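*Asks:* Here it is: the structure, laid out below.
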Amino acid sequence: MRLDLLVATFRRPELLAEALRSMFAAPRPPGLDVRIIVVNNDRESDLHSLQSIIAAPPVPVLLLHEPRRGKSHALNLGIRASDADYIGFVDDDERMAASWFEVAYATLAPGRLDFIGGPMLPLWPSQPPAWIPQRYRAVLGIVDNGPARAVYSTEFPGMLVGGNAIIRRTVLDAIGGFSPELGPQEAHRLMSCEDEDVYGRLLNAGATGEYVPELVVHHHVHQDRLQPAYYRRWCFWNGASKALLGRLQPESVPTIGGVPRYMYGSALRAAGAGLKAWLMNRGAAARLEAELPLWQLAGQLYGRYGLRRLRTSSSATDPRVKDRLPSPRRQ
């Protein structure tokens, strides 16, 4: 079984080096052939700081440069450069658990699954602040859907997250790559939902996937994100991203002004909860948690009416996604 592990990176050389070291240290079962593809998404292609780390790596490492800013552009370049049976996705600010490759191989070897994903557990820089809303763990890149394996479906309480996923190559080719309209971009670094878009297309295509709690990565929680202002910005841009996602994959729900009606209901209930939390002098976490749905609604409205119109061609139909690049042979 051949697995290409794809890492898009942007101005995080120290964290990227740490991520690579964790990948090199993780044991690989004899039946698994691994290669790591690193795609630099900065305008400068210089990754000299990695040379000492990849001088004699235990697995092949392919360095690519995608000057078009946007995480989706970088991921699509890596996909085009891959010739593996499966493509894995991890972020440049993560640390891979030692059992990651072994769990991946044992889960995928029977051949019945098209994709798998797992938890992203936090690496805190310090003691977590008391005001952090527990319902908004995704803001900090924390994903944990429990200790039991589960089938990904419309009933699953989460989704396949792009920071810890593996997708069968033929299935990924069939559904297309990542939408350049979604995900972190040059002008809007907090745009998201590129993985949610791919997840929706996987389910719509009838692909079979499982959440695997043993497939663990540890995600650095950045110090500058531990502030309420970051939560507000993240929720606003998450709302804007979901508005764009709604154009790619429309929801079958009632809308008001092009925005799902339930968003207004959530915002109104949150406003009431916020007023109650203020009157009863509840903690900062309760007050912030009640405020965030309002920011998401504002983002939805901005995404609907403020952002430029979605291009008529998305990554699912973009011919660049299916074009193949010459791929260096494995050693």
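By convention in this document, the chains of the structure tokens carry letters A, B, ... by their order, each chain's residues are numbered from 1, and ligands are numbered from 1 in the order they are shown.
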Can you tell me which residues surround A:Pro119 at a distance of at most 10 Å, considering only C-alpha atoms, apart from same-chain residues fewer than 2 positions away, and format the answer as a list in words?
*Replies:*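 Selected residues are Gly117, Leu121, Pro122, Gly141, Ile142, Val143, Asp144, Asn145, Gly146, Pro147, Leu160, Val161, Gly163, Asn164, Ala165, Tyr211, Val212, Pro213, Glu214, Leu215, Val216, Val217, His218 and His219 of chain A.
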*Asks:* Name the residues in contact with A:Gln300 at a cut-off of 8 Å, using only C-alpha atoms, excluding same-chain residues fewer than 5 positions from it; report them as a PyMOL selection string.
*Replies:* chain A and resi 236+239-243+259
*Asks:* Using only C-alpha atoms, which residues sit within 8 Å of A:Ala26 once same-chain residues fewer than 3 positions away are excluded, as a list in words?
*Replies:*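 Contacts, in chain order: Ser22, Met23, Met96, Ala97, Ala98, Ser99, Trp100 and Phe101 of chain A.
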*Asks:* List the spatial neighbours of stretch 247-252 of chain A as a list in words - criterion: any atom at most 8 Å away, only C-alpha atoms, same-chain residues fewer than 2 positions off excluded.
*Replies:* Asp197, Gly200, Ala243, Leu244, Leu245, Pro254 and Leu310 of chain A
*Asks:* Could you write out the selected residues, including C-alpha atoms, as a PDB file, in the first residue's frame?
*Replies:*
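Contents of out-v1.pdb, as written:
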ATOM      1  CA  ASP A 197     -16.724  20.835   1.174  1.00  0.00           C
ATOM      2  CA  GLY A 200     -19.809  16.650   1.724  1.00  0.00           C
ATOM      3  CA  ALA A 243     -22.145  31.086   2.912  1.00  0.00           C
ATOM      4  CA  LEU A 244     -19.780  30.276   0.041  1.00  0.00           C
ATOM      5  CA  LEU A 245     -20.040  26.565   0.805  1.00  0.00           C
ATOM      6  CA  PRO A 254     -35.744  27.327   4.498  1.00  0.00           C
ATOM      7  CA  LEU A 310     -18.410  32.660  -6.517  1.00  0.00           C
TER       8      LEU A 310
END
*Asks:* At a cut-off of 12 Å, using only C-alpha atoms, what residues contact A:Phe156? Leave out same-chain residues fewer than 5 positions from it and give the result as a list in words.
*Replies:*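 So, after excluding close chain neighbours, the residues are Asn145, Gly146, Arg149, Ala150, Val151, Tyr199, Leu203, Gly209, Glu210 and Tyr211 of chain A.
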*Asks:* Pick out the residues sitting within 8 Å of A:Ser82, and hand them over as a VMD selection string; count only C-alpha atoms, and ignore anything fewer than 3 positions along from it in its own chain.
*Replies:* chain A and resid 4 78 to 79 87 327
*Asks:* Just all heavy atoms for this one: save the residues we selected as a compact mmCIF listing (two decimals), in the first residue's frame.
*Replies:*
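Heads up, here's the output in again.txt:
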# COMPACT_ATOMS: atom_id res chain seq x y z
N ASP A 4 0.89 8.76 0.28
CA ASP A 4 1.55 10.06 0.23
C ASP A 4 0.92 10.94 1.30
O ASP A 4 -0.30 11.15 1.31
CB ASP A 4 1.38 10.71 -1.15
CG ASP A 4 2.39 10.20 -2.16
OD1 ASP A 4 3.41 9.63 -1.75
OD2 ASP A 4 2.15 10.38 -3.37
N GLY A 78 -0.27 19.41 -4.42
CA GLY A 78 0.21 18.16 -3.84
C GLY A 78 -0.54 16.95 -4.36
O GLY A 78 0.05 15.88 -4.61
N ILE A 79 -1.84 17.09 -4.53
CA ILE A 79 -2.65 15.98 -5.07
C ILE A 79 -2.20 15.64 -6.48
O ILE A 79 -2.06 14.47 -6.84
CB ILE A 79 -4.14 16.35 -5.03
CG1 ILE A 79 -4.65 16.44 -3.59
CG2 ILE A 79 -4.97 15.33 -5.81
CD1 ILE A 79 -6.03 17.02 -3.45
N ILE A 87 -3.98 9.26 -0.13
CA ILE A 87 -3.35 10.54 0.19
C ILE A 87 -3.79 10.93 1.58
O ILE A 87 -4.99 11.00 1.89
CB ILE A 87 -3.75 11.63 -0.82
CG1 ILE A 87 -3.31 11.23 -2.23
CG2 ILE A 87 -3.10 12.96 -0.44
CD1 ILE A 87 -3.68 12.25 -3.30
N SER A 327 5.92 13.01 -11.43
CA SER A 327 6.14 12.69 -10.03
C SER A 327 7.40 11.86 -9.88
O SER A 327 7.52 10.80 -10.49
CB SER A 327 4.95 11.89 -9.48
OG SER A 327 5.12 11.59 -8.13
*Asks:* Give the answer as one residue: which of A:Gly183, A:Pro293, A:Gly265, A:Gly299 has the shortest atom-to-atom distance to A:Trp237, using only C-alpha atoms?
*Replies:* A:Gly299
*Asks:* Which of these residues is nearest to A:Arg35, using only C-alpha atoms: A:Tyr152, A:Trp295, A:Tyr86, A:Trp234?
*Replies:*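 Checking each of A:Tyr152, A:Trp295, A:Tyr86, A:Trp234 against A:Arg35, counting only C-alpha atoms, the winner is A:Tyr86.
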*Asks:* Among stretch 1-152 of chain A, which ones does DSSP assign to helix (DSSP H, G or I) (computed from the backbone)? Answer as a PyMOL selection string.
*Replies:* chain A and resi 13-25+48-50+71-81+100-108+134-140
*Asks:* Restricting the calculation to only C-alpha atoms: of A:Val90, A:Ala84, A:Val38, A:Leu20, which residue gets closest to A:Ile53?
*Replies:* A:Leu20
*Asks:* Here is a test: counting only C-alpha atoms, which residue of A:Asn40, A:Thr107, A:Gln296, A:Thr255 is nearest to A:Ala270?
*Replies:*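 With only C-alpha atoms as the atom set, the closest residue is A:Gln296.
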*Asks:* Quick one, how far is atom CA of A:Leu50 from atom CA of A:Met1?
*Replies:*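 About the pair atom CA of A:Leu50 and atom CA of A:Met1: they are 27.2 Å apart.
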*Asks:* Hey, what does DSSP flag as strand (DSSP E or B) within stretch 22-108 of chain A? Can you give it to me as a list in words?
*Replies:*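 Written out, the strand (DSSP E or B) residues of stretch 22-108 of chain A are Asp33, Val34, Arg35, Ile36, Ile37, Val38, Val39, Asn40, Val61, Leu62, Leu63, Leu64, His65, Tyr86, Ile87, Gly88, Phe89, Val90, Asp91, Glu94, Arg95 and Met96 of chain A.
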*Asks:* So how many Å separate atom CA of A:Gly206 and atom CA of A:Gly303, to one decimal?
*Replies:*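 According to the coordinates, atom CA of A:Gly206 and atom CA of A:Gly303 are separated by 29.0 Å.
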*Asks:* Given the choices A:Gly111, A:Arg68, A:Ile132, A:Leu62, which gets closest to A:Ala229 if the distance is worked out from only C-alpha atoms?
*Replies:* A:Ile132
